[in-house]
Structure formats: C-alpha cells, structure tokens
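The file coords_31.csv contains CSV, C-alpha atoms:
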chain,number,residue,atom,x,y,z
V,23,MET,CA,4.4,1.8,-21.8
V,24,GLY,CA,4.2,-0.6,-18.8
V,25,MET,CA,1.3,-2.7,-17.7
V,26,TYR,CA,0.1,-0.1,-15.2
V,27,ASP,CA,0.4,2.7,-17.7
V,28,VAL,CA,-1.8,0.7,-20.0
V,29,ALA,CA,-4.3,0.0,-17.3
V,30,TYR,CA,-4.6,3.7,-16.5
V,31,ALA,CA,-4.8,4.6,-20.1
V,32,LEU,CA,-7.7,2.2,-20.6
V,33,GLY,CA,-9.4,3.2,-17.4
V,34,ILE,CA,-8.9,-0.3,-15.9
V,35,ALA,CA,-7.9,-0.1,-12.2
V,36,PRO,CA,-9.2,-3.1,-10.2
V,37,TRP,CA,-7.4,-1.9,-7.1
V,38,GLU,CA,-9.7,1.2,-7.1
V,39,ARG,CA,-12.8,-0.9,-7.6
V,40,TYR,CA,-11.6,-2.9,-4.6
V,41,LEU,CA,-11.7,0.1,-2.4
V,42,ARG,CA,-15.3,0.8,-3.3
V,43,ALA,CA,-16.3,-2.9,-3.0
V,44,ALA,CA,-14.4,-3.8,0.2
V,45,GLY,CA,-14.5,-0.4,1.8
V,46,PRO,CA,-15.8,-1.4,5.2
V,47,GLY,CA,-13.0,-3.9,5.8
V,48,ILE,CA,-10.3,-1.4,4.7
V,49,MET,CA,-11.9,1.4,6.8
V,50,ALA,CA,-11.9,-0.9,9.9
V,51,ARG,CA,-8.2,-1.4,9.5
V,52,LEU,CA,-7.5,2.3,9.2
V,53,ASP,CA,-9.7,2.8,12.3
V,54,THR,CA,-7.3,0.5,14.2
V,55,GLU,CA,-4.3,2.6,13.1
V,56,GLU,CA,-5.9,5.8,14.3
V,57,ALA,CA,-7.0,4.4,17.6
V,58,GLU,CA,-3.4,3.9,18.7
V,59,ARG,CA,-2.3,7.4,17.7
V,60,PRO,CA,-2.7,11.0,18.9
V,61,ASN,CA,-5.0,13.3,17.0
V,62,PRO,CA,-3.9,14.3,14.4
V,63,PRO,CA,-2.3,10.9,13.8
V,64,GLY,CA,0.9,12.0,12.0
V,65,ARG,CA,2.4,11.3,8.5
V,66,ALA,CA,1.3,8.4,6.2
V,67,LEU,CA,2.9,7.1,3.0
V,68,ASP,CA,0.7,5.4,0.4
V,69,LEU,CA,2.9,3.3,-1.7
V,70,GLY,CA,1.9,2.6,-5.3
V,71,CYS,CA,-0.9,5.1,-4.7
V,72,GLY,CA,-2.3,5.2,-8.2
V,73,ARG,CA,-4.8,8.1,-8.6
V,74,GLY,CA,-4.8,8.7,-4.9
V,75,LEU,CA,-8.1,7.2,-3.6
V,76,TYR,CA,-6.4,5.7,-0.5
V,77,THR,CA,-4.2,8.7,0.0
V,78,ALA,CA,-7.3,10.9,0.0
V,79,GLU,CA,-9.0,8.7,2.6
V,80,LEU,CA,-6.0,8.9,4.8
V,81,ALA,CA,-6.0,12.7,4.6
V,82,ARG,CA,-9.7,12.8,5.4
V,83,ARG,CA,-8.9,10.9,8.5
V,84,GLY,CA,-6.4,13.5,9.6
V,85,TRP,CA,-3.1,12.0,8.3
V,86,ARG,CA,-0.7,14.2,6.4
V,87,ALA,CA,-0.7,11.8,3.5
V,88,THR,CA,1.9,11.4,0.7
V,89,GLY,CA,1.2,9.2,-2.3
V,90,ILE,CA,4.0,7.8,-4.4
V,91,ASP,CA,3.6,6.0,-7.8
V,92,ALA,CA,5.9,5.4,-10.8
V,93,VAL,CA,3.1,6.0,-13.3
V,94,GLU,CA,3.1,9.7,-14.1
V,95,ARG,CA,-0.4,9.5,-15.7
V,96,ALA,CA,-1.8,8.3,-12.3
V,97,ILE,CA,-0.1,11.0,-10.3
V,98,THR,CA,-1.2,13.7,-12.7
V,99,ALA,CA,-4.8,12.5,-12.1
V,100,ALA,CA,-4.3,12.4,-8.4
V,101,ARG,CA,-3.0,15.9,-8.3
V,102,ARG,CA,-5.9,17.1,-10.4
V,103,THR,CA,-8.4,16.0,-7.8
V,104,ARG,CA,-6.1,16.5,-4.8
V,105,THR,CA,-7.7,16.4,-1.3
V,106,PRO,CA,-6.3,19.0,1.2
V,107,GLY,CA,-3.6,17.4,3.3
V,108,THR,CA,-2.2,15.2,0.4
V,109,THR,CA,1.0,15.4,-1.6
V,110,PHE,CA,1.7,13.3,-4.6
V,111,VAL,CA,5.1,12.2,-6.0
V,112,VAL,CA,6.2,10.5,-9.2
V,113,GLY,CA,8.8,8.0,-7.9
V,114,ASP,CA,10.2,4.5,-7.5
V,115,VAL,CA,9.1,2.7,-4.4
V,116,THR,CA,12.3,0.7,-4.5
V,117,ASP,CA,14.4,3.9,-4.2
V,118,LEU,CA,12.6,5.8,-1.5
V,119,ALA,CA,15.7,7.3,0.0
V,120,SER,CA,16.3,9.5,-3.1
V,121,GLN,CA,12.8,11.0,-3.1
V,122,GLY,CA,13.3,13.5,-0.2
V,123,LEU,CA,10.0,12.4,1.4
V,124,GLY,CA,10.9,12.7,5.1
V,125,THR,CA,9.8,10.2,7.7
V,126,PHE,CA,6.5,8.6,8.4
V,127,ASP,CA,4.4,7.1,11.1
V,128,PHE,CA,2.3,4.8,8.9
V,129,PHE,CA,2.8,3.0,5.6
V,130,LEU,CA,-0.1,1.7,3.5
V,131,ASP,CA,0.6,-0.7,0.6
V,132,ILE,CA,-2.3,-2.1,-1.4
V,133,GLY,CA,-0.6,-4.6,-3.6
V,134,CYS,CA,2.6,-2.9,-4.5
V,135,PHE,CA,5.1,-5.1,-2.5
V,136,GLN,CA,3.7,-8.3,-4.0
V,137,ALA,CA,4.1,-7.1,-7.6
V,138,LEU,CA,7.9,-6.8,-7.2
V,139,ASP,CA,10.6,-9.5,-7.6
V,140,ARG,CA,12.5,-10.5,-4.5
V,141,ASP,CA,15.3,-8.0,-4.9
V,142,ARG,CA,13.1,-5.1,-5.6
V,143,SER,CA,10.7,-5.9,-2.8
V,144,ARG,CA,13.7,-6.2,-0.4
V,145,ARG,CA,14.8,-2.7,-1.5
V,146,MET,CA,11.3,-1.3,-1.0
V,147,ALA,CA,11.2,-2.7,2.5
V,148,GLU,CA,14.7,-1.3,3.3
V,149,GLY,CA,13.6,2.1,2.1
V,150,MET,CA,10.4,2.0,4.2
V,151,THR,CA,12.4,1.0,7.2
V,152,ALA,CA,14.8,3.9,6.7
V,153,LEU,CA,11.9,6.4,6.5
V,154,ALA,CA,10.0,5.0,9.5
V,155,ASN,CA,9.6,7.0,12.7
V,156,PRO,CA,9.8,5.2,16.0
V,157,ASP,CA,6.8,3.0,16.6
V,158,ALA,CA,5.7,3.2,13.0
V,159,THR,CA,3.2,0.7,11.7
V,160,LEU,CA,2.7,-0.8,8.2
V,161,LEU,CA,-0.4,-2.3,6.6
V,162,ILE,CA,0.2,-4.5,3.5
V,163,LEU,CA,-2.4,-6.2,1.3
V,164,ALA,CA,-0.8,-9.1,-0.5
V,165,PHE,CA,-2.0,-12.3,-2.2
V,166,GLN,CA,-0.6,-15.6,-1.1
V,167,PRO,CA,1.2,-17.5,-3.8
V,168,THR,CA,-1.2,-19.6,-6.0
V,169,GLY,CA,-1.0,-21.0,-9.5
V,170,LEU,CA,-3.3,-18.1,-10.6
V,171,LEU,CA,-0.8,-15.5,-9.4
V,172,ALA,CA,2.4,-17.0,-10.7
V,173,ARG,CA,2.7,-14.2,-13.2
V,174,ALA,CA,0.7,-11.4,-11.4
V,175,GLY,CA,2.8,-11.4,-8.2
V,176,SER,CA,2.2,-12.6,-4.7
V,177,ALA,CA,3.9,-12.7,-1.3
V,178,SER,CA,3.9,-15.4,1.4
V,179,PRO,CA,3.9,-14.6,5.1
V,180,ALA,CA,7.5,-15.8,5.2
V,181,GLU,CA,8.5,-13.5,2.4
V,182,VAL,CA,6.9,-10.5,4.1
V,183,GLU,CA,8.7,-11.3,7.4
V,184,ALA,CA,12.0,-11.8,5.7
V,185,ALA,CA,11.8,-8.5,3.8
V,186,PHE,CA,10.7,-6.6,6.9
V,187,ALA,CA,13.2,-8.1,9.3
V,188,ALA,CA,13.3,-4.9,11.4
V,189,TRP,CA,9.6,-5.1,12.0
V,190,THR,CA,7.4,-7.2,14.2
V,191,LEU,CA,4.5,-9.0,12.4
V,192,LEU,CA,1.5,-8.1,14.5
V,193,SER,CA,-1.3,-9.9,12.6
V,194,VAL,CA,-2.2,-11.7,9.4
V,195,GLU,CA,-5.9,-11.6,8.5
V,196,PRO,CA,-7.8,-12.7,5.4
V,197,ALA,CA,-8.8,-9.8,3.2
V,198,GLU,CA,-12.2,-9.6,1.5
V,199,THR,CA,-12.3,-10.8,-2.1
V,200,THR,CA,-15.6,-9.1,-2.9
V,201,GLY,CA,-15.2,-6.8,-5.9
V,202,LEU,CA,-12.0,-8.4,-7.1
V,203,GLY,CA,-13.6,-10.3,-10.0
V,204,TRP,CA,-12.4,-13.6,-11.5
V,205,PRO,CA,-9.9,-15.1,-11.0
V,206,LEU,CA,-8.7,-13.0,-8.1
V,207,ASN,CA,-11.9,-13.7,-6.1
V,208,HIS,CA,-10.7,-17.3,-6.0
V,209,THR,CA,-7.4,-16.4,-4.4
V,210,SER,CA,-6.3,-15.7,-0.8
V,211,PRO,CA,-5.4,-12.1,-0.2
V,212,GLN,CA,-4.1,-11.3,3.3
V,213,TRP,CA,-3.7,-8.2,5.4
V,214,TYR,CA,-0.3,-8.0,7.1
V,215,ARG,CA,0.1,-5.5,10.0
V,216,LEU,CA,3.6,-4.8,11.2
V,217,ARG,CA,5.3,-2.5,13.7
V,218,LEU,CA,8.9,-1.2,13.6
V,219,ARG,CA,10.8,-2.7,16.5
V,220,PRO,CA,12.6,-0.3,18.9
How does this structure look as structure tokens?
Amino acid sequence: MGMYDVAYALGIAPWERYLRAAGPGIMARLDTEEAERPNPPGRALDLGCGRGLYTAELARRGWRATGIDAVERAITAARRTRTPGTTFVVGDVTDLASQGLGTFDFFLDIGCFQALDRDRSRRMAEGMTALANPDATLLILAFQPTGLLARAGSASPAEVEAAFAAWTLLSVEPAETTGLGWPLNHTSPQWYRLRLRP
C-alpha cells in the first residue's frame, strides 16, 4: 500500500482540507479560467483528483470534468458521491495517452506534478500536452523546493517551465498557506498558470 493509499485509509487528506481552508483563493483562480471561455466552458481534467472535491467544483461551474487518480480507494469514494457532469478514472497521470480520456481545454493539478521525480513529471507534462486542445490552459499548485520538502516533493519555476516546454508560463503567484498545517504552512506554495502555445 502506497503513501496515498494509507492516507485515504486513515482518512488523512490535507489537500482536501486545503480546499476548505483556502477556498476563496482557489475559486478566484477558477473564475479567471471561466472568464476567458464560452459558456459552458469545455472539458477539464483534474489530475491526482483524490475523492473528487475539485472535480466536483469544476462540474458545478459548468465544465465537463474528469478526475484521474491512481488510488482506487479514492476513485471509489469519488464515484460514490459523484456530481453530475463528472467522470472518474483509476489511472496513472504519467501515462495519460493510454487512458482513452479524449482532449481537454483546462487542466488542474493540485500537488500531483510536484510529487513525481523528474522523469515521471516530464512524462506527465508530455501526456497533458498531447491531450490539450488549442488554447488550453493549465493551473498547477506546487511548492518551491525547501529543506522541509526534500522528501515530500517540490517543483521550482524553472522545472515547471522545462517540463511544459510547449506551454507559455502566464503567471506565478503565491498560494495561501492557511489550512496546510505545520510544517507546510512555513513553505512557499505557488500557483503556476500556463497556456498551450499555438
């Protein structure tokens, strides 16, 4: 059983607590995505979706939202409480091409990219690029490298740009640390927003 399997088995999911604690900041960023799109806004992919809280929020906002996660226990829970307009898939984010997911206009990643080693994060980025519709956008929450995150995973701006070479980095903004708990509330999470280049 992997670390995330154990977390779900024990009912420990700090990334879900973060949605409740830092909700206004996350909602404002999702508002930005919708403001640039028609209504309904299109298809969204929530990577490392867990039990689907963010996927459900996307669907409530009109996206046709797909959540993908490798932890079957999490996907089972997501399907049990499924919001209309959502689909959930047990799958590997580093092998998106094999999942038969179709293409997407928006990608949301709350901490998945940063948890992978360099090779797997590169494969994840390549898979997302292959599934991206023209003018697709991407929103990533990732922690900058610190001593505290040497084991937990992190991603620098340079690493994000290198992995997503086919995308333009539109903005890098500090993310809220409220609700993360110690020691993560003493780190420097960042929101990265990117757009696929023509």
(message) Between V:Thr108, V:Ser193, V:Asn61, V:Thr88, which residue has the minimum interatomic distance to Leu161 in chain V, considering all atoms listed in the file?
(response)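 Selected residue with least distance to Leu161 in chain V: V:Ser193.
For the pair CA of Pro211 in chain V and CA of Ala197 in chain V, the interatomic distance is 5.3 Å.
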(request) Return the single residue from V:Val194, V:Ala66, V:Ile90, V:Met49 that is closest to Ala180 in chain V, with distances computed using all atoms listed in the file. (result)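 With all atoms listed in the file as the atom set, the closest residue is V:Val194.
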Non-local contacts of Ile48 in chain V (12 Å; all atoms listed in the file; under 4 positions in same chain excluded) as a compact mmCIF listing (two decimals) with C-alpha atoms, keeping the file's coordinate frame:
# COMPACT_ATOMS: atom_id res chain seq x y z
CA TYR V 40 -11.60 -2.90 -4.60
CA LEU V 41 -11.70 0.10 -2.40
CA ARG V 42 -15.30 0.80 -3.30
CA ALA V 43 -16.30 -2.90 -3.00
CA ALA V 44 -14.40 -3.80 0.20
CA LEU V 52 -7.50 2.30 9.20
CA ASP V 53 -9.70 2.80 12.30
CA THR V 54 -7.30 0.50 14.20
CA GLU V 55 -4.30 2.60 13.10
CA TYR V 76 -6.40 5.70 -0.50
CA GLU V 79 -9.00 8.70 2.60
CA LEU V 80 -6.00 8.90 4.80
CA LEU V 130 -0.10 1.70 3.50
CA ASP V 131 0.60 -0.70 0.60
CA ILE V 132 -2.30 -2.10 -1.40
CA LEU V 161 -0.40 -2.30 6.60
CA ILE V 162 0.20 -4.50 3.50
CA LEU V 163 -2.40 -6.20 1.30
CA GLU V 195 -5.90 -11.60 8.50
CA PRO V 196 -7.80 -12.70 5.40
CA ALA V 197 -8.80 -9.80 3.20
CA GLU V 198 -12.20 -9.60 1.50
CA THR V 199 -12.30 -10.80 -2.10
CA GLN V 212 -4.10 -11.30 3.30
CA TRP V 213 -3.70 -8.20 5.40
(message) So the first atom is CA of Cys71 in chain V and the second is CA of Pro220 in chain V; what is the distance between them in Å, to one decimal place?
(response) 27.7 Å
(message) With distances taken over all atoms listed in the file, which residue among V:Gly84, V:Ala137, V:Ala92, V:Arg142 lies nearest Pro60 in chain V?
(response) V:Gly84
(request) Calculate how many Å separate CA of Asp127 in chain V from CA of Glu94 in chain V, rounding to one decimal. (result)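 Spanning CA of Asp127 in chain V to CA of Glu94 in chain V is a straight-line distance of 25.4 Å.
Those residues that approach range 101-103 of chain V to within 10 Å, counting all atoms listed in the file, are V:Arg73, V:Gly74, V:Leu75, V:Ala78, V:Gly89, V:Ala96, V:Ile97, V:Thr98, V:Ala99, V:Thr105, V:Pro106, V:Thr108, V:Thr109, V:Phe110, V:Val111; same-chain residues fewer than 2 positions away are not listed.
The residue that comes closest to Leu160 in chain V, out of V:Ala184, V:Ala87, V:Ala57, V:Leu192 and on the basis of all atoms listed in the file, is V:Leu192.
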(request) Determine the nearest neighbour of Glu181 in chain V from the options V:Arg140, V:Arg145, V:Arg219, V:Arg65, counting all atoms listed in the file. (result) V:Arg140
(message) Excluding Phe135 in chain V and its own-chain neighbours fewer than 5 positions away, which residues fall within 12 Å of it when counting all atoms listed in the file? Please give them as a PyMOL selection string.
(response) chain V and resi 68-70+114-116+129-130+140-148+150+160-165+174-178+181-182+185-186+214
Export range 46-62 of chain V from the structure block above, keeping all heavy atoms, as an mmCIF file, in the first residue's frame.
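Saved result, result.cif, follows:
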data_model
loop_
_atom_site.group_PDB
_atom_site.id
_atom_site.type_symbol
_atom_site.label_atom_id
_atom_site.label_comp_id
_atom_site.auth_asym_id
_atom_site.auth_seq_id
_atom_site.Cartn_x
_atom_site.Cartn_y
_atom_site.Cartn_z
ATOM 1 N N PRO V 46 -11.476 30.535 -1.066
ATOM 2 C CA PRO V 46 -11.644 31.772 -1.845
ATOM 3 C C PRO V 46 -10.541 31.992 -2.878
ATOM 4 O O PRO V 46 -10.817 32.408 -4.002
ATOM 5 C CB PRO V 46 -11.619 32.862 -0.758
ATOM 6 C CG PRO V 46 -12.128 32.171 0.464
ATOM 7 C CD PRO V 46 -11.576 30.768 0.383
ATOM 8 N N GLY V 47 -9.287 31.689 -2.518
ATOM 9 C CA GLY V 47 -8.192 31.862 -3.469
ATOM 10 C C GLY V 47 -8.294 30.910 -4.640
ATOM 11 O O GLY V 47 -8.046 31.284 -5.796
ATOM 12 N N ILE V 48 -8.669 29.664 -4.360
ATOM 13 C CA ILE V 48 -8.824 28.680 -5.424
ATOM 14 C C ILE V 48 -9.992 29.067 -6.332
ATOM 15 O O ILE V 48 -9.894 29.013 -7.556
ATOM 16 C CB ILE V 48 -9.041 27.275 -4.824
ATOM 17 C CG1 ILE V 48 -7.799 26.849 -4.028
ATOM 18 C CG2 ILE V 48 -9.356 26.258 -5.921
ATOM 19 C CD1 ILE V 48 -7.988 25.575 -3.230
ATOM 20 N N MET V 49 -11.110 29.477 -5.721
ATOM 21 C CA MET V 49 -12.283 29.848 -6.506
ATOM 22 C C MET V 49 -11.980 31.039 -7.418
ATOM 23 O O MET V 49 -12.441 31.097 -8.562
ATOM 24 C CB MET V 49 -13.461 30.174 -5.594
ATOM 25 C CG MET V 49 -13.909 29.027 -4.723
ATOM 26 S SD MET V 49 -14.224 27.515 -5.664
ATOM 27 C CE MET V 49 -13.742 26.287 -4.471
ATOM 28 N N ALA V 50 -11.199 32.005 -6.923
ATOM 29 C CA ALA V 50 -10.861 33.165 -7.748
ATOM 30 C C ALA V 50 -10.064 32.740 -8.974
ATOM 31 O O ALA V 50 -10.260 33.282 -10.072
ATOM 32 C CB ALA V 50 -10.068 34.175 -6.917
ATOM 33 N N ARG V 51 -9.193 31.766 -8.816
ATOM 34 C CA ARG V 51 -8.407 31.293 -9.963
ATOM 35 C C ARG V 51 -9.280 30.538 -10.957
ATOM 36 O O ARG V 51 -9.084 30.639 -12.164
ATOM 37 C CB ARG V 51 -7.238 30.458 -9.464
ATOM 38 C CG ARG V 51 -6.144 31.324 -8.873
ATOM 39 C CD ARG V 51 -5.061 30.581 -8.128
ATOM 40 N NE ARG V 51 -4.013 31.522 -7.742
ATOM 41 C CZ ARG V 51 -4.071 32.315 -6.677
ATOM 42 N NH1 ARG V 51 -5.135 32.263 -5.883
ATOM 43 N NH2 ARG V 51 -3.096 33.157 -6.399
ATOM 44 N N LEU V 52 -10.238 29.790 -10.453
ATOM 45 C CA LEU V 52 -11.160 29.110 -11.364
ATOM 46 C C LEU V 52 -12.062 30.124 -12.068
ATOM 47 O O LEU V 52 -12.435 29.933 -13.229
ATOM 48 C CB LEU V 52 -11.989 28.081 -10.598
ATOM 49 C CG LEU V 52 -11.197 26.909 -9.992
ATOM 50 C CD1 LEU V 52 -12.143 25.936 -9.293
ATOM 51 C CD2 LEU V 52 -10.369 26.180 -11.049
ATOM 52 N N ASP V 53 -12.408 31.210 -11.375
ATOM 53 C CA ASP V 53 -13.176 32.283 -12.013
ATOM 54 C C ASP V 53 -12.420 32.831 -13.213
ATOM 55 O O ASP V 53 -13.009 33.114 -14.265
ATOM 56 C CB ASP V 53 -13.421 33.435 -11.025
ATOM 57 C CG ASP V 53 -14.431 33.076 -9.941
ATOM 58 O OD1 ASP V 53 -15.167 32.090 -10.108
ATOM 59 O OD2 ASP V 53 -14.457 33.803 -8.919
ATOM 60 N N THR V 54 -11.095 32.993 -13.066
ATOM 61 C CA THR V 54 -10.270 33.518 -14.159
ATOM 62 C C THR V 54 -10.338 32.604 -15.376
ATOM 63 O O THR V 54 -10.444 33.072 -16.517
ATOM 64 C CB THR V 54 -8.808 33.664 -13.699
ATOM 65 O OG1 THR V 54 -8.750 34.621 -12.639
ATOM 66 C CG2 THR V 54 -7.908 34.120 -14.843
ATOM 67 N N GLU V 55 -10.281 31.297 -15.139
ATOM 68 C CA GLU V 55 -10.350 30.345 -16.260
ATOM 69 C C GLU V 55 -11.674 30.465 -16.995
ATOM 70 O O GLU V 55 -11.716 30.453 -18.225
ATOM 71 C CB GLU V 55 -10.169 28.917 -15.749
ATOM 72 C CG GLU V 55 -8.853 28.649 -15.044
ATOM 73 C CD GLU V 55 -7.643 29.008 -15.884
ATOM 74 O OE1 GLU V 55 -7.686 28.848 -17.131
ATOM 75 O OE2 GLU V 55 -6.647 29.452 -15.301
ATOM 76 N N GLU V 56 -12.754 30.596 -16.244
ATOM 77 C CA GLU V 56 -14.074 30.649 -16.877
ATOM 78 C C GLU V 56 -14.303 31.955 -17.621
ATOM 79 O O GLU V 56 -15.002 31.990 -18.645
ATOM 80 C CB GLU V 56 -15.155 30.475 -15.809
ATOM 81 C CG GLU V 56 -15.191 29.073 -15.240
ATOM 82 C CD GLU V 56 -15.929 29.029 -13.923
ATOM 83 O OE1 GLU V 56 -17.026 29.613 -13.847
ATOM 84 O OE2 GLU V 56 -15.402 28.423 -12.978
ATOM 85 N N ALA V 57 -13.712 33.040 -17.114
ATOM 86 C CA ALA V 57 -13.945 34.355 -17.720
ATOM 87 C C ALA V 57 -13.443 34.415 -19.161
ATOM 88 O O ALA V 57 -13.941 35.208 -19.965
ATOM 89 C CB ALA V 57 -13.256 35.432 -16.883
ATOM 90 N N GLU V 58 -12.474 33.577 -19.503
ATOM 91 C CA GLU V 58 -11.896 33.591 -20.845
ATOM 92 C C GLU V 58 -12.526 32.548 -21.767
ATOM 93 O O GLU V 58 -12.057 32.373 -22.896
ATOM 94 C CB GLU V 58 -10.391 33.331 -20.746
ATOM 95 C CG GLU V 58 -9.643 34.381 -19.944
ATOM 96 C CD GLU V 58 -8.159 34.114 -19.893
ATOM 97 O OE1 GLU V 58 -7.709 33.112 -20.494
ATOM 98 O OE2 GLU V 58 -7.442 34.907 -19.258
ATOM 99 N N ARG V 59 -13.558 31.878 -21.318
ATOM 100 C CA ARG V 59 -14.118 30.768 -22.091
ATOM 101 C C ARG V 59 -15.594 30.998 -22.381
ATOM 102 O O ARG V 59 -16.264 31.766 -21.697
ATOM 103 C CB ARG V 59 -13.966 29.468 -21.307
ATOM 104 C CG ARG V 59 -12.543 29.205 -20.883
ATOM 105 C CD ARG V 59 -12.086 27.841 -21.343
ATOM 106 N NE ARG V 59 -10.645 27.691 -21.178
ATOM 107 C CZ ARG V 59 -9.802 27.532 -22.173
ATOM 108 N NH1 ARG V 59 -10.252 27.510 -23.408
ATOM 109 N NH2 ARG V 59 -8.515 27.393 -21.954
ATOM 110 N N PRO V 60 -16.114 30.301 -23.377
ATOM 111 C CA PRO V 60 -17.563 30.363 -23.622
ATOM 112 C C PRO V 60 -18.306 29.661 -22.485
ATOM 113 O O PRO V 60 -17.704 29.061 -21.610
ATOM 114 C CB PRO V 60 -17.725 29.611 -24.948
ATOM 115 C CG PRO V 60 -16.545 28.683 -24.994
ATOM 116 C CD PRO V 60 -15.425 29.409 -24.312
ATOM 117 N N ASN V 61 -19.598 29.738 -22.524
ATOM 118 C CA ASN V 61 -20.414 29.062 -21.514
ATOM 119 C C ASN V 61 -21.305 28.048 -22.219
ATOM 120 O O ASN V 61 -22.102 28.421 -23.047
ATOM 121 C CB ASN V 61 -21.270 30.083 -20.763
ATOM 122 C CG ASN V 61 -22.005 29.458 -19.589
ATOM 123 O OD1 ASN V 61 -21.653 28.388 -19.132
ATOM 124 N ND2 ASN V 61 -23.032 30.142 -19.123
ATOM 125 N N PRO V 62 -21.171 26.744 -21.945
ATOM 126 C CA PRO V 62 -20.295 26.123 -20.947
ATOM 127 C C PRO V 62 -18.827 26.169 -21.372
ATOM 128 O O PRO V 62 -18.529 26.273 -22.571
ATOM 129 C CB PRO V 62 -20.813 24.687 -20.868
ATOM 130 C CG PRO V 62 -21.442 24.440 -22.195
ATOM 131 C CD PRO V 62 -22.014 25.755 -22.636
#
